[in-house]
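Notes follow the structure.
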Amino acid sequence: MNGGLFTATAVAHPNLAFVKYWGQRDPELNIPINGSISVNLSGARTITRVSFDPDLTADAVSVDGSPAAPQALARIVRHLDRVRGLAGITTCARVESYSDFPSAVGIAASASGFAALTLAASRAAGLALDLRALSVLARKGSGSACRSIPGGFVEWVAGHDDATSYAFTIAPSDAWDLRVISVAVSRESKPISSLRGHRAAFTSPFIAARLESVAQTLGLVRVAIKRRDLELLGMTVEREALSLHAVAMTSRVIDAPWLSGIYYMQPDTLRLIQAVQAWRSDGLGVYFSLDAGPTVHLVCEARSVAQVMAALDEVPGNDTYLRILSSPGRGVWLVDEAAGGDAPTA
Ligand code: DP6
């Protein structure tokens, strides 16, 4: 470090899981109980600048222009500690992170956030990690962040220890002209975080059935992507998302004993699910996915986007929904600010 100031800026997209990560084998290292497959969402991004500065006496972190809240700060400092440990340094850092999509709308800012933080912090610390090492490191910040490191369609192999649990590209972003319209039907923040959901998953009697079928689900999604088979992808992805929700709805949350299960859906979520199924019976090629929140992610081919948007316009209450349109996005990248690249802005 030569006692100097070292800065790097990186950008990452969030991702949508076709096969979901739900339940952890190792909660410290975020090693999942099953593999997952996702696509990066080009319509949303997080940009993060990290400077290691010998004049600082503590890490200074801002998120979307405000000082990070205590829990987020602690999580980011832990991640910076991992980077410092790898680089053999003790210098504190200034971190500025901005996302161009609202938080709490069901698009995982933790995935794009920790992917961008991982690349920016490791570069600023003088490390030149390859994609696999970046993915392993990002995973420890937020599980799903490991899938925002590589580009396009991505598989995260569950692995059995730290080094073997990482994500890689299974098809490049231009392999299939797929589109995802993320429809945020509610801005209410979710009642139970993903972290608590992961931990509660083992209390559901259906987690065993989910795990039994996941190998087959992964196989079907791999084949669907390879063959660009929208119907196979869509039907598999819908059932897979509902399987996560079946587990969540039958999970016990230890510190919320008044809940018989976790509902991430809102009434508008179900309304939209039923609309999608009705549109399909009229011949429109569109399918849904859900994460641990009320947002409905609509999956279709590029040629159907206008029709899907027009159908959405007819859904009662749609004027309150936020829509984000994405194509398969690239992996995390560095921004050369000196060359006039993107710099963090509010
Ligand atoms: C339902 O990796 O996002 O989106 O970092 O604690 O928020 P946190 O966990 P995270 O869990 C993701 C859960 C999911 C499914 C998925 O993305 O595979």
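Just remember, in the structure tokens the first chain shown is A, the second B, etc., residues are 1-based per chain, and ligands are 1-based in the order shown.
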
Extract, using only C-alpha atoms, all DNA, RNA and protein residues at most 8 Å from Arg45 of chain A, discarding same-chain residues fewer than 6 positions from it, and format them as an mmCIF file with N, CA, C and O atoms, in the first residue's frame.
```cif
data_model
loop_
_atom_site.group_PDB
_atom_site.id
_atom_site.type_symbol
_atom_site.label_atom_id
_atom_site.label_comp_id
_atom_site.auth_asym_id
_atom_site.auth_seq_id
_atom_site.Cartn_x
_atom_site.Cartn_y
_atom_site.Cartn_z
ATOM 1 N N VAL A 11 -19.124 -1.854 -10.770
ATOM 2 C CA VAL A 11 -20.575 -1.874 -11.001
ATOM 3 C C VAL A 11 -21.032 -3.328 -11.123
ATOM 4 O O VAL A 11 -20.337 -4.153 -11.728
ATOM 5 N N ALA A 12 -22.204 -3.623 -10.553
ATOM 6 C CA ALA A 12 -22.765 -4.969 -10.695
ATOM 7 C C ALA A 12 -24.279 -4.900 -10.841
ATOM 8 O O ALA A 12 -24.923 -3.968 -10.341
ATOM 9 N N HIS A 13 -24.822 -5.888 -11.539
ATOM 10 C CA HIS A 13 -26.277 -6.047 -11.639
ATOM 11 C C HIS A 13 -26.766 -6.994 -10.545
ATOM 12 O O HIS A 13 -26.039 -7.924 -10.174
ATOM 13 N N PRO A 14 -28.006 -6.830 -10.098
ATOM 14 C CA PRO A 14 -28.611 -7.901 -9.289
ATOM 15 C C PRO A 14 -28.944 -9.083 -10.206
ATOM 16 O O PRO A 14 -28.742 -9.000 -11.423
ATOM 17 N N SER A 99 -27.442 2.561 -5.679
ATOM 18 C CA SER A 99 -28.194 1.669 -6.561
ATOM 19 C C SER A 99 -29.185 2.514 -7.348
ATOM 20 O O SER A 99 -29.756 3.473 -6.807
ATOM 21 N N ASP A 100 -29.395 2.156 -8.624
ATOM 22 C CA ASP A 100 -30.331 2.949 -9.431
ATOM 23 C C ASP A 100 -31.742 2.363 -9.380
ATOM 24 O O ASP A 100 -32.570 2.675 -10.212
ATOM 25 N N PHE A 101 -31.993 1.493 -8.392
ATOM 26 C CA PHE A 101 -33.344 0.953 -8.203
ATOM 27 C C PHE A 101 -33.682 1.057 -6.724
ATOM 28 O O PHE A 101 -32.793 1.009 -5.876
ATOM 29 N N SER A 112 -26.232 -7.261 -5.936
ATOM 30 C CA SER A 112 -25.415 -6.320 -6.714
ATOM 31 C C SER A 112 -24.465 -5.557 -5.795
ATOM 32 O O SER A 112 -23.317 -5.282 -6.152
#
```

Discussion item. Can you tell me which residues surround Ala17 of chain A at a distance of at most 8 Å, considering only C-alpha atoms, apart from same-chain residues fewer than 2 positions away, and format the answer as a list in words?
Written reply: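 In the requested form, the answer reads Asn15, Val19, Lys20, Tyr21, Ser36, Ile37, Ser38, Val39 and Asp291 of chain A.
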
Worksheet item: Could you name the residues that touch Gly285 of chain A at 9 Å or less, counting only C-alpha atoms, but leaving out those on the same chain fewer than 5 positions away, as a list in words?
Response: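 So, after excluding close chain neighbours, the residues are Leu230, Glu231, Gly234, Trp279, Arg280, Val299, Cys300, Glu301, Ser304 and Val308 of chain A.
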
Practice prompt. Residues within 9 Å of ligand 1, counting only C-alpha atoms and all ligand atoms: report them as a PyMOL selection string.
Written response: chain A and resi 15-23+30+35-38+106-111+114+139+141-147+193-198+241+244+290-293

Worksheet item: Pro102 of chain A: which residues within 12 Å, counting only C-alpha atoms, same-chain residues fewer than 6 positions away excluded, as a ChimeraX atom specification?
Response: /A:44-46,63-64,108-109,184,186-189,322-324

Item to complete: Taking the DSSP assignment computed from this structure's backbone, write out as a ChimeraX atom specification all residues of segment 81-206 of chain A that belong to alpha helix (DSSP H).
Response: /A:81-87,109-124,131-141,194-200

Fill in: Distance query segment 80-86 of chain A at most 8 Å, only C-alpha atoms, self and fewer than 5 positions along chain excluded, as a PyMOL selection string
chain A and resi 91+93+118+121-122+125+137

Fill in: Distance query Leu242 of chain A at most 10 Å, only C-alpha atoms, self and fewer than 5 positions along chain excluded, as an MDAnalysis selection string
chainID A and resid 237 247:248 288:291
